[in-house]
$ cat work_23.txt   # compact mmCIF, C-alpha atoms
# COMPACT_ATOMS: atom_id res chain seq x y z
CA MET T 1 1.84 36.97 41.38
CA PRO T 2 0.36 33.94 39.58
CA GLU T 3 -2.65 32.34 41.25
CA PRO T 4 -1.88 28.96 42.84
CA VAL T 5 -2.86 25.86 40.93
CA THR T 6 -2.99 23.50 43.91
CA ILE T 7 -3.73 24.31 47.53
CA VAL T 8 -3.42 21.67 50.23
CA ILE T 9 -5.06 22.03 53.64
CA ALA T 10 -3.53 19.91 56.41
CA GLY T 11 -6.19 19.39 59.06
CA GLY T 12 -9.73 18.12 59.39
CA GLY T 13 -11.48 20.49 61.78
CA LEU T 14 -13.44 23.71 61.59
CA ALA T 15 -10.48 25.80 60.39
CA ALA T 16 -9.79 23.40 57.54
CA ALA T 17 -13.41 23.32 56.38
CA LYS T 18 -13.78 27.11 56.60
CA ALA T 19 -10.57 27.55 54.62
CA ALA T 20 -11.91 25.36 51.82
CA GLU T 21 -15.15 27.34 51.89
CA ALA T 22 -13.35 30.70 51.83
CA LEU T 23 -11.09 29.71 48.95
CA ARG T 24 -14.01 28.77 46.76
CA GLU T 25 -15.93 31.90 47.77
CA GLU T 26 -12.88 33.98 46.83
CA GLY T 27 -12.98 32.44 43.36
CA PHE T 28 -10.14 29.93 43.58
CA ASP T 29 -10.90 27.31 40.93
CA GLY T 30 -7.75 25.20 41.14
CA ARG T 31 -7.16 21.87 42.82
CA LEU T 32 -8.11 21.93 46.51
CA VAL T 33 -7.17 19.00 48.76
CA LEU T 34 -8.17 18.67 52.41
CA VAL T 35 -6.20 16.07 54.38
CA GLY T 36 -7.72 15.09 57.74
CA SER T 37 -6.42 12.44 60.14
CA GLU T 38 -9.92 11.48 61.33
CA THR T 39 -12.36 9.52 59.21
CA HIS T 40 -15.18 11.95 60.03
CA LEU T 41 -16.10 14.95 57.94
CA PRO T 42 -14.68 18.20 59.41
CA TYR T 43 -16.66 19.20 62.47
CA GLU T 44 -16.91 21.84 65.19
CA ARG T 45 -15.45 21.04 68.60
CA PRO T 46 -17.36 23.23 71.11
CA PRO T 47 -20.41 20.91 71.17
CA LEU T 48 -18.16 18.00 72.18
CA SER T 49 -17.94 19.32 75.74
CA LYS T 50 -21.38 20.94 75.78
CA ASP T 51 -24.71 19.83 74.28
CA TYR T 52 -23.33 16.92 72.22
CA LEU T 53 -21.64 15.47 75.30
CA GLN T 54 -24.92 15.69 77.18
CA GLY T 55 -26.92 14.13 74.35
CA GLY T 56 -28.65 17.37 73.35
CA ALA T 57 -27.40 17.46 69.74
CA GLU T 58 -27.33 14.90 66.96
CA ARG T 59 -24.02 14.00 65.35
CA ASP T 60 -24.92 15.46 61.96
CA LYS T 61 -25.36 18.88 63.61
CA ILE T 62 -21.66 19.16 64.47
CA PHE T 63 -20.38 18.85 60.89
CA VAL T 64 -19.35 22.08 59.16
CA HIS T 65 -20.66 20.86 55.78
CA ASP T 66 -22.30 17.65 54.62
CA ARG T 67 -20.45 15.38 52.22
CA SER T 68 -22.31 16.69 49.20
CA TRP T 69 -20.94 20.20 49.78
CA TYR T 70 -17.37 19.01 49.24
CA ALA T 71 -18.36 17.23 46.03
CA GLU T 72 -20.29 20.25 44.76
CA HIS T 73 -17.34 22.55 45.43
CA ASP T 74 -14.76 20.14 44.05
CA VAL T 75 -12.86 19.70 47.32
CA GLU T 76 -10.86 16.48 47.45
CA LEU T 77 -11.29 14.89 50.86
CA ARG T 78 -8.47 12.69 52.09
CA LEU T 79 -9.91 11.50 55.41
CA GLY T 80 -8.24 9.05 57.74
CA VAL T 81 -4.93 10.21 56.28
CA GLU T 82 -2.27 12.45 57.80
CA VAL T 83 0.31 14.79 56.40
CA THR T 84 3.43 13.22 57.83
CA ALA T 85 6.08 15.56 56.40
CA ILE T 86 6.48 18.82 54.52
CA ASP T 87 9.16 19.52 51.92
CA PRO T 88 9.06 23.33 51.63
CA GLY T 89 11.77 23.45 48.97
CA GLY T 90 10.05 20.89 46.76
CA HIS T 91 6.55 22.21 47.56
CA GLN T 92 5.38 18.74 48.49
CA VAL T 93 3.77 17.03 51.45
CA THR T 94 4.06 13.35 52.30
CA LEU T 95 0.91 11.51 53.33
CA THR T 96 0.35 8.38 55.37
CA GLY T 97 1.59 5.47 53.28
CA GLY T 98 4.23 7.52 51.49
CA GLU T 99 2.19 9.29 48.81
CA ARG T 100 3.66 12.68 47.89
CA LEU T 101 1.36 15.54 46.98
CA GLY T 102 2.50 18.77 45.40
CA TYR T 103 1.22 22.18 46.44
CA ASP T 104 1.58 25.81 45.46
CA LYS T 105 0.19 27.01 48.82
CA LEU T 106 -0.23 25.01 52.01
CA LEU T 107 -2.43 25.76 55.02
CA LEU T 108 -1.63 24.15 58.36
CA ALA T 109 -4.77 23.70 60.46
CA THR T 110 -3.66 20.77 62.60
CA GLY T 111 -5.16 22.13 65.82
CA SER T 112 -4.01 21.02 69.25
CA ARG T 113 -3.67 17.87 71.28
CA PRO T 114 -4.79 17.26 74.88
CA ARG T 115 -1.96 17.70 77.35
CA ARG T 116 -1.24 14.62 79.44
CA PRO T 117 -0.47 15.00 83.13
CA GLY T 118 3.13 14.11 83.81
CA ILE T 119 2.29 11.52 86.45
CA PRO T 120 2.19 7.72 86.57
CA GLY T 121 -1.03 6.32 85.19
CA ALA T 122 -1.76 9.20 82.79
CA ASP T 123 -1.37 6.83 79.82
CA ARG T 124 -3.78 4.23 81.17
CA SER T 125 -6.37 3.23 78.57
CA ASP T 126 -9.20 3.99 80.97
CA VAL T 127 -8.15 7.63 81.54
CA LEU T 128 -10.39 9.80 79.39
CA TYR T 129 -9.41 12.87 77.39
CA LEU T 130 -11.66 15.11 75.32
CA ARG T 131 -10.65 16.34 71.90
CA THR T 132 -12.41 14.36 69.18
CA VAL T 133 -16.00 13.33 68.51
CA ASP T 134 -15.00 9.76 69.34
CA ASP T 135 -13.63 10.99 72.69
CA SER T 136 -16.92 12.79 73.38
CA GLU T 137 -19.02 9.74 72.58
CA ARG T 138 -16.84 7.49 74.74
CA LEU T 139 -17.04 9.98 77.59
CA ARG T 140 -20.82 10.33 77.28
CA ALA T 141 -21.29 6.56 77.40
CA THR T 142 -18.94 6.29 80.38
CA LEU T 143 -20.63 9.09 82.34
CA ALA T 144 -23.99 7.39 81.88
CA ARG T 145 -22.85 4.45 84.01
CA ALA T 146 -20.27 6.10 86.27
CA GLY T 147 -20.96 6.56 89.96
CA ARG T 148 -17.92 8.69 90.84
CA VAL T 149 -15.95 10.91 88.45
CA ALA T 150 -12.62 12.60 89.17
CA ILE T 151 -11.64 15.45 86.85
CA LEU T 152 -8.08 16.74 86.69
CA GLY T 153 -8.15 20.47 85.95
CA ALA T 154 -10.70 23.22 86.55
CA GLY T 155 -10.38 24.99 83.22
CA TRP T 156 -13.18 25.40 80.70
CA ILE T 157 -13.09 21.78 79.57
CA GLY T 158 -12.90 20.46 83.13
CA LEU T 159 -15.88 22.55 84.26
CA GLU T 160 -18.00 21.68 81.22
CA VAL T 161 -17.29 17.99 81.77
CA ALA T 162 -18.20 18.44 85.44
CA ALA T 163 -21.55 19.90 84.41
CA ALA T 164 -22.16 16.99 82.04
CA ALA T 165 -21.20 14.45 84.70
CA ARG T 166 -23.59 16.01 87.22
CA ALA T 167 -26.35 16.01 84.60
CA ALA T 168 -25.69 12.28 84.20
CA GLY T 169 -26.07 11.80 87.96
CA ALA T 170 -22.46 11.10 88.88
CA GLU T 171 -20.64 12.28 91.97
CA VAL T 172 -17.94 14.68 90.78
CA THR T 173 -14.62 15.76 92.29
CA VAL T 174 -12.54 18.36 90.46
CA ILE T 175 -8.85 18.39 91.35
CA GLU T 176 -7.11 21.70 90.63
CA THR T 177 -3.55 22.78 91.41
CA ALA T 178 -4.56 26.47 91.68
CA SER T 179 -6.64 28.03 94.44
CA ALA T 180 -9.72 28.57 92.21
CA PRO T 181 -11.11 27.49 88.83
CA LEU T 182 -10.05 29.52 85.80
CA LEU T 183 -7.76 31.56 88.01
CA ARG T 184 -5.28 32.51 85.29
CA VAL T 185 -8.06 33.71 82.97
CA LEU T 186 -10.51 35.35 85.38
CA GLY T 187 -8.61 36.17 88.54
CA PRO T 188 -9.85 35.27 92.05
CA TYR T 189 -12.72 37.77 92.22
CA VAL T 190 -14.65 36.54 89.17
CA ALA T 191 -13.51 32.91 89.49
CA GLN T 192 -15.61 32.59 92.65
CA VAL T 193 -18.73 32.74 90.46
CA PHE T 194 -17.83 29.40 88.88
CA THR T 195 -16.81 27.87 92.20
CA ALA T 196 -20.22 28.72 93.67
CA LEU T 197 -22.08 27.63 90.53
CA HIS T 198 -20.64 24.13 90.62
CA ARG T 199 -20.74 23.70 94.37
CA GLU T 200 -24.46 24.49 94.34
CA ARG T 201 -24.86 21.58 91.89
CA GLY T 202 -22.94 19.21 94.17
CA VAL T 203 -19.46 19.35 92.63
CA ASN T 204 -16.63 18.84 95.13
CA PHE T 205 -13.51 20.94 94.50
CA LEU T 206 -10.05 20.11 95.78
CA PHE T 207 -7.98 23.27 95.26
CA ASP T 208 -4.23 23.58 95.74
CA ALA T 209 -4.14 19.82 95.19
CA ARG T 210 -1.53 18.04 93.09
CA PRO T 211 -2.19 14.61 91.61
CA ALA T 212 0.67 12.18 92.12
CA GLU T 213 -0.69 9.09 90.35
CA ILE T 214 -3.78 7.76 88.61
CA THR T 215 -4.60 4.38 90.11
CA ASP T 216 -7.04 1.54 89.52
CA SER T 217 -9.49 3.16 91.91
CA GLY T 218 -9.01 6.90 91.40
CA VAL T 219 -6.35 9.56 91.94
CA LEU T 220 -3.59 9.59 94.51
CA LEU T 221 -2.66 13.12 95.60
CA GLU T 222 0.65 14.45 96.82
CA GLY T 223 0.54 14.13 100.59
CA GLY T 224 -1.11 10.72 100.46
CA ALA T 225 -4.86 11.46 100.13
CA HIS T 226 -6.74 9.32 97.63
CA VAL T 227 -9.79 10.41 95.60
CA GLU T 228 -11.97 7.39 94.91
CA ALA T 229 -13.36 7.38 91.35
CA ASP T 230 -14.77 4.98 88.78
CA VAL T 231 -13.73 7.34 85.98
CA VAL T 232 -10.82 9.78 85.67
CA VAL T 233 -11.01 12.57 83.10
CA ALA T 234 -7.91 14.64 82.36
CA GLY T 235 -8.58 18.22 81.34
CA VAL T 236 -5.29 19.94 82.05
CA GLY T 237 -4.97 21.90 78.83
CA ALA T 238 -3.82 21.38 75.27
CA ASP T 239 -0.68 21.93 73.23
CA PRO T 240 -0.56 23.14 69.63
CA ASP T 241 0.21 20.35 67.19
CA THR T 242 3.33 21.90 65.69
CA ALA T 243 5.41 18.80 64.94
CA LEU T 244 5.00 19.16 61.16
CA ALA T 245 5.87 22.83 61.20
CA ARG T 246 8.90 22.35 63.41
CA ALA T 247 10.24 19.50 61.28
CA ALA T 248 9.79 21.66 58.17
CA GLY T 249 11.93 24.41 59.67
CA LEU T 250 9.13 26.93 60.20
CA THR T 251 9.39 29.40 63.06
CA VAL T 252 7.64 27.87 66.08
CA GLU T 253 7.12 29.96 69.22
CA ASP T 254 4.10 28.93 71.29
CA GLY T 255 2.54 27.62 68.10
CA VAL T 256 3.43 28.40 64.52
CA LYS T 257 4.45 32.04 64.37
CA VAL T 258 2.58 33.92 61.63
CA GLY T 259 1.96 37.48 60.57
CA ALA T 260 -1.37 39.24 60.57
CA ASP T 261 -2.03 37.63 57.18
CA LEU T 262 -1.48 34.15 58.72
CA ARG T 263 1.66 33.59 56.63
CA THR T 264 4.43 31.58 58.27
CA SER T 265 8.17 32.09 57.90
CA ASP T 266 7.79 30.27 54.57
CA PRO T 267 5.95 32.54 52.10
CA ASP T 268 3.90 29.68 50.66
CA ILE T 269 2.81 28.12 53.95
CA PHE T 270 0.07 29.53 56.18
CA ALA T 271 -1.41 28.52 59.54
CA ALA T 272 -4.82 29.08 61.15
CA GLY T 273 -6.72 28.04 64.25
CA ASP T 274 -5.25 26.62 67.45
CA ILE T 275 -1.70 26.34 66.12
CA ALA T 276 -1.39 29.92 64.84
CA ASN T 277 0.51 32.38 67.02
CA ALA T 278 -0.61 35.37 64.97
CA TYR T 279 0.45 38.99 65.10
CA HIS T 280 -2.60 41.05 66.07
CA PRO T 281 -2.44 44.57 64.62
CA LEU T 282 -4.83 46.02 67.20
CA LEU T 283 -3.20 44.46 70.25
CA GLY T 284 0.31 45.03 68.93
CA HIS T 285 1.71 41.59 69.75
CA HIS T 286 1.40 37.94 68.79
CA VAL T 287 -1.57 36.03 70.19
CA ARG T 288 -2.37 32.31 70.21
CA VAL T 289 -5.67 31.26 71.73
CA GLU T 290 -7.50 27.96 71.39
CA HIS T 291 -10.84 29.55 70.69
CA TRP T 292 -13.57 28.47 68.32
CA ALA T 293 -13.79 31.98 66.82
CA ASN T 294 -10.22 31.84 65.51
CA ALA T 295 -10.86 28.55 63.75
CA LEU T 296 -14.06 30.04 62.33
CA ASN T 297 -12.69 33.37 61.13
CA GLN T 298 -8.95 33.16 60.53
CA PRO T 299 -9.23 30.92 57.44
CA ALA T 300 -10.88 33.69 55.40
CA THR T 301 -7.84 35.91 55.96
CA ALA T 302 -5.46 33.08 55.11
CA ALA T 303 -7.46 32.26 51.96
CA ARG T 304 -7.27 35.82 50.67
CA ALA T 305 -3.57 36.02 51.42
CA MET T 306 -2.90 32.72 49.62
CA LEU T 307 -4.59 34.20 46.56
CA GLY T 308 -2.49 37.33 46.70
CA ARG T 309 -5.21 39.52 48.21
CA GLU T 310 -3.41 40.75 51.27
CA ASP T 311 -5.49 40.94 54.42
CA ALA T 312 -4.92 41.21 58.16
CA TYR T 313 -6.75 39.30 60.87
CA ASP T 314 -7.75 41.71 63.62
CA LYS T 315 -10.85 40.17 65.19
CA LEU T 316 -10.71 40.12 68.97
CA PRO T 317 -10.42 36.72 70.66
CA TYR T 318 -13.89 35.43 71.60
CA PHE T 319 -15.23 32.34 73.31
CA PHE T 320 -18.30 31.15 75.15
CA THR T 321 -19.44 28.51 77.60
CA ASP T 322 -22.72 27.06 78.83
CA GLN T 323 -22.79 25.38 82.25
CA TYR T 324 -26.10 24.50 83.94
CA ASP T 325 -28.13 27.74 83.78
CA LEU T 326 -25.10 29.95 83.19
CA GLY T 327 -24.26 31.26 79.75
CA MET T 328 -21.15 33.33 79.18
CA GLU T 329 -19.34 35.19 76.40
CA TYR T 330 -15.78 36.49 76.75
CA VAL T 331 -14.05 38.88 74.37
CA GLY T 332 -10.58 40.41 74.40
CA HIS T 333 -7.15 39.29 75.56
CA ILE T 334 -5.12 39.78 78.72
CA PRO T 335 -1.41 39.29 78.00
CA PRO T 336 0.32 36.71 80.20
CA GLY T 337 1.75 38.21 83.36
CA HIS T 338 -0.71 41.09 83.52
CA THR T 339 -2.90 41.53 86.62
CA PRO T 340 -5.54 44.02 85.51
CA ASP T 341 -8.22 45.56 87.72
CA VAL T 342 -11.75 44.21 87.47
CA VAL T 343 -14.87 46.37 87.25
CA VAL T 344 -18.23 44.58 87.56
CA ARG T 345 -21.54 45.89 86.21
CA GLY T 346 -24.51 43.99 87.62
CA ASP T 347 -24.96 41.33 90.28
CA LEU T 348 -22.09 38.88 90.72
CA ASP T 349 -24.01 36.76 93.26
CA ALA T 350 -27.07 36.49 90.99
CA ARG T 351 -24.76 35.59 88.10
CA GLU T 352 -26.11 38.37 85.88
CA PHE T 353 -23.27 40.75 85.19
CA ILE T 354 -20.59 42.05 82.87
CA ALA T 355 -17.00 42.00 84.11
CA PHE T 356 -14.41 44.31 82.57
CA TRP T 357 -10.64 43.91 82.93
CA LEU T 358 -8.82 47.26 82.80
CA ASP T 359 -5.15 48.11 82.52
CA GLU T 360 -3.38 50.74 84.60
CA GLU T 361 -4.60 53.47 82.22
CA ASP T 362 -8.25 52.37 82.54
CA LYS T 363 -8.31 50.93 79.03
CA VAL T 364 -10.54 47.86 78.65
CA LEU T 365 -8.52 44.74 77.81
CA ALA T 366 -11.29 42.14 78.03
CA ALA T 367 -14.93 41.76 79.00
CA MET T 368 -17.15 38.85 80.00
CA ASN T 369 -20.94 38.93 80.02
CA VAL T 370 -22.70 36.30 82.15
CA ASN T 371 -26.43 35.75 81.55
CA VAL T 372 -26.52 39.23 79.98
CA TRP T 373 -26.99 39.24 76.24
CA ASP T 374 -26.61 41.40 73.13
CA VAL T 375 -23.73 43.42 74.55
CA THR T 376 -20.67 42.05 72.76
CA ASP T 377 -20.77 44.72 70.04
CA HIS T 378 -20.45 47.34 72.77
CA THR T 379 -17.80 45.48 74.78
CA GLN T 380 -15.73 44.92 71.65
CA ALA T 381 -16.03 48.59 70.74
CA LEU T 382 -14.75 49.57 74.19
CA ILE T 383 -11.75 47.29 73.77
CA ARG T 384 -11.07 48.45 70.23
CA SER T 385 -11.14 52.09 71.23
CA ARG T 386 -7.86 51.59 73.14
CA LYS T 387 -8.79 54.63 75.21
CA PRO T 388 -9.49 55.11 78.93
CA VAL T 389 -13.10 54.71 80.09
CA ASP T 390 -15.01 56.09 83.04
CA ARG T 391 -14.90 53.40 85.74
CA ALA T 392 -18.00 54.67 87.55
CA GLY T 393 -20.06 54.66 84.35
CA LEU T 394 -18.71 51.24 83.42
CA ALA T 395 -19.95 49.81 86.73
CA ASP T 396 -23.38 51.47 86.57
CA PRO T 397 -26.04 49.41 84.70
CA ALA T 398 -28.07 52.61 84.27
CA VAL T 399 -25.38 54.09 82.02
CA PRO T 400 -25.68 52.71 78.45
CA LEU T 401 -22.44 51.12 77.32
CA ASP T 402 -22.45 52.91 74.01
CA THR T 403 -22.33 56.28 75.80
CA LEU T 404 -19.00 55.30 77.34
CA LEU T 405 -17.28 55.03 73.98
CA PRO T 406 -14.71 57.80 73.49
CA SER T 407 -15.85 60.37 70.94

$ encode --input "work_23.txt" --output "structure tokens"
Amino acid sequence: MPEPVTIVIAGGGLAAAKAAEALREEGFDGRLVLVGSETHLPYERPPLSKDYLQGGAERDKIFVHDRSWYAEHDVELRLGVEVTAIDPGGHQVTLTGGERLGYDKLLLATGSRPRRPGIPGADRSDVLYLRTVDDSERLRATLARAGRVAILGAGWIGLEVAAAARAAGAEVTVIETASAPLLRVLGPYVAQVFTALHRERGVNFLFDARPAEITDSGVLLEGGAHVEADVVVAGVGADPDTALARAAGLTVEDGVKVGADLRTSDPDIFAAGDIANAYHPLLGHHVRVEHWANALNQPATAARAMLGREDAYDKLPYFFTDQYDLGMEYVGHIPPGHTPDVVVRGDLDAREFIAFWLDEEDKVLAAMNVNVWDVTDHTQALIRSRKPVDRAGLADPAVPLDTLLPS
């Protein structure tokens, strides 16, 4: 297989920058073009809802590489420009303004877009969403002068924004349609940790509440109650940005469907990051998660595959959060529709514990460590073993985790 002469990367985030880096590290010396819709250099997104939002990090710290790196590695940056169409047969992409650019291999790293609530007022210019660095800076400036903040959604983004709003001194109400925060991810037993954490800091939760309209003065709920707010932040999830892929005829099923090598249904087009619904050889099914670790690590696999060096991405999904004095790492994946048992090691009330989610055969599917550190190697090993574990030993902090690994 001849090595590609031109590789185009569509996207301007972490996955795009890491793909360019991996291609050069793998020895690709052809033309490499990165097309990003934002005018900023590619940057990491987790700080946008964490320390950058709260003013604890400078802007230059969020960039994956400085501008000189791209020049030194001969990466053509087309910033403030979008790929508007793909011609798979002609191996060309169309850019904003009509320019056509040929490629031998194409990587889609277009990420995801904030989901908008399907209610009147969701498109108001004063309703805030959080996806880009510009969004984060606008939100930070708004929180600094806001008295009352209403947040739609008690997912990770909603809770991190709640923490930032409380740090800024605002009154915060979180409106959630479920009966607890993070219910789908954590289940009711562990979700109570985050409910208590935020309530202790003065956050007001409205659970089982459905917004009906965003108004000039806050949020109108179904049933007629009105939540007064100076600022409304919508954090109700995100959708993979698959419009390009769909229009090009690629297989799209909850994101762009790819194999373990990140190759799409077109042999010369690959996808990585938020949009990639990738087959996971360890888990045995396709997985799409909007986690920083995928954007960080998947591009190396895609780069090798584009260069004919077949590889398979089998890292376990991983993410983290920091809220007030709580730090958390989560590894693994619970398939939709599963209701696994939870085993807790440590003190849930003190918020120093490890939670394990087990299937019906006592195999560990996922684990979350809260204010307990340097354990992810062990928790990942337990998940990777795909074998039953001793529940009593798992729950006992006196039993070293590494002794629970099947021999």

$ atom_distance --input "work_23.txt" --atom1 "atom CA of Ala366 of chain T" --atom2 "atom CA of Arg391 of chain T"
14.1 Å

$ closest_atom_pairs --input "work_23.txt" --of "segment 228-278 of chain T" --to "segment 89-95 of chain T" --cutoff "12 Å" --atoms "only C-alpha atoms" --output "JSON lines"
{"residue": "T:Leu244", "atom": "CA", "partner": "T:Val93", "partner_atom": "CA", "distance": 10.0}
{"residue": "T:Ala245", "atom": "CA", "partner": "T:Val93", "partner_atom": "CA", "distance": 11.5}
{"residue": "T:Ala248", "atom": "CA", "partner": "T:Gly89", "partner_atom": "CA", "distance": 9.6}
{"residue": "T:Gly249", "atom": "CA", "partner": "T:Gly89", "partner_atom": "CA", "distance": 10.7}
{"residue": "T:Asp266", "atom": "CA", "partner": "T:Gly89", "partner_atom": "CA", "distance": 9.7}
{"residue": "T:Pro267", "atom": "CA", "partner": "T:Gly89", "partner_atom": "CA", "distance": 11.2}
{"residue": "T:Asp268", "atom": "CA", "partner": "T:His91", "partner_atom": "CA", "distance": 8.5}
{"residue": "T:Ile269", "atom": "CA", "partner": "T:His91", "partner_atom": "CA", "distance": 9.5}

$ residues_near_point --input "work_23.txt" --point "(-10.1, 36.9, 60.2)" --cutoff "12 Å" --atoms "only C-alpha atoms" --output "PyMOL selection string"
chain T and resi 15+18-19+22+260-262+272-273+278-281+293-305+310-317

$ closest_residue --input "work_23.txt" --among "T:Pro117, T:Pro211, T:Gly327, T:Gly147" --to "Trp373 of chain T" --atoms "all atoms listed in the file"
T:Gly327

$ closest_residue --input "work_23.txt" --among "T:Asp402, T:Asp87, T:Asp29, T:Asp230" --to "Gln380 of chain T" --atoms "all atoms listed in the file"
T:Asp402

$ residues_around --input "work_23.txt" --residues "Val174 of chain T" --least-positions-apart "3" --cutoff "7 Å" --atoms "all atoms listed in the file" --output "PyMOL selection string"
chain T and resi 150-154+204-206

$ atom_distance --input "work_23.txt" --atom1 "atom CA of Leu197 of chain T" --atom2 "atom CA of Val219 of chain T"
24.0 Å

$ atom_distance --input "work_23.txt" --atom1 "atom CA of Ala57 of chain T" --atom2 "atom CA of Val231 of chain T"
23.5 Å

$ closest_residue --input "work_23.txt" --among "T:Lys363, T:Gly224, T:Ala392, T:Leu307" --to "Glu25 of chain T" --atoms "only C-alpha atoms"
T:Leu307

$ residues_around --input "work_23.txt" --residues "segment 355-361 of chain T" --least-positions-apart "2" --cutoff "6 Å" --atoms "all atoms listed in the file" --output "PyMOL selection string"
chain T and resi 340-344+363-368

$ closest_residue --input "work_23.txt" --among "T:Ala85, T:Met306, T:Leu41, T:Leu53" --to "Arg67 of chain T" --atoms "all atoms listed in the file"
T:Leu41

$ closest_residue --input "work_23.txt" --among "T:Thr321, T:Thr215, T:Thr264, T:Thr376" --to "Asp123 of chain T" --atoms "only C-alpha atoms"
T:Thr215

$ residues_around --input "work_23.txt" --residues "Glu213 of chain T" --least-positions-apart "5" --cutoff "10 Å" --atoms "only C-alpha atoms" --output "NGL selection string"
:T and (117-122 or 218-222 or 226)

$ write_last_selection --input "work_23.txt" --atoms "C-alpha atoms" --output "PDB file, keeping the file's coordinate frame"
ATOM      1  CA  PRO T 117      -0.470  15.000  83.130  1.00  0.00           C
ATOM      2  CA  GLY T 118       3.130  14.110  83.810  1.00  0.00           C
ATOM      3  CA  ILE T 119       2.290  11.520  86.450  1.00  0.00           C
ATOM      4  CA  PRO T 120       2.190   7.720  86.570  1.00  0.00           C
ATOM      5  CA  GLY T 121      -1.030   6.320  85.190  1.00  0.00           C
ATOM      6  CA  ALA T 122      -1.760   9.200  82.790  1.00  0.00           C
ATOM      7  CA  GLY T 218      -9.010   6.900  91.400  1.00  0.00           C
ATOM      8  CA  VAL T 219      -6.350   9.560  91.940  1.00  0.00           C
ATOM      9  CA  LEU T 220      -3.590   9.590  94.510  1.00  0.00           C
ATOM     10  CA  LEU T 221      -2.660  13.120  95.600  1.00  0.00           C
ATOM     11  CA  GLU T 222       0.650  14.450  96.820  1.00  0.00           C
ATOM     12  CA  HIS T 226      -6.740   9.320  97.630  1.00  0.00           C
TER      13      HIS T 226
END

$ closest_residue --input "work_23.txt" --among "T:Ala178, T:Val233, T:Ser68, T:Val287" --to "Ser125 of chain T" --atoms "only C-alpha atoms"
T:Val233

$ residues_around --input "work_23.txt" --residues "Ser37 of chain T" --least-positions-apart "6" --cutoff "12 Å" --atoms "only C-alpha atoms" --output "PDB file with C-alpha atoms, in the frame of the given file"
ATOM      1  CA  ILE T   9      -5.060  22.030  53.640  1.00  0.00           C
ATOM      2  CA  ALA T  10      -3.530  19.910  56.410  1.00  0.00           C
ATOM      3  CA  GLY T  11      -6.190  19.390  59.060  1.00  0.00           C
ATOM      4  CA  GLY T  12      -9.730  18.120  59.390  1.00  0.00           C
ATOM      5  CA  GLY T  13     -11.480  20.490  61.780  1.00  0.00           C
ATOM      6  CA  ALA T  16      -9.790  23.400  57.540  1.00  0.00           C
ATOM      7  CA  LEU T  77     -11.290  14.890  50.860  1.00  0.00           C
ATOM      8  CA  ARG T  78      -8.470  12.690  52.090  1.00  0.00           C
ATOM      9  CA  LEU T  79      -9.910  11.500  55.410  1.00  0.00           C
ATOM     10  CA  GLY T  80      -8.240   9.050  57.740  1.00  0.00           C
ATOM     11  CA  VAL T  81      -4.930  10.210  56.280  1.00  0.00           C
ATOM     12  CA  GLU T  82      -2.270  12.450  57.800  1.00  0.00           C
ATOM     13  CA  VAL T  83       0.310  14.790  56.400  1.00  0.00           C
ATOM     14  CA  THR T  84       3.430  13.220  57.830  1.00  0.00           C
ATOM     15  CA  LEU T  95       0.910  11.510  53.330  1.00  0.00           C
ATOM     16  CA  THR T  96       0.350   8.380  55.370  1.00  0.00           C
ATOM     17  CA  ALA T 109      -4.770  23.700  60.460  1.00  0.00           C
ATOM     18  CA  THR T 110      -3.660  20.770  62.600  1.00  0.00           C
ATOM     19  CA  GLY T 111      -5.160  22.130  65.820  1.00  0.00           C
ATOM     20  CA  THR T 132     -12.410  14.360  69.180  1.00  0.00           C
TER      21      THR T 132
END

$ residues_around --input "work_23.txt" --residues "Arg45 of chain T" --least-positions-apart "2" --cutoff "10 Å" --atoms "all atoms listed in the file" --output "PyMOL selection string"
chain T and resi 13-14+42-43+47-50+52+62-63+130-133+136+291-292
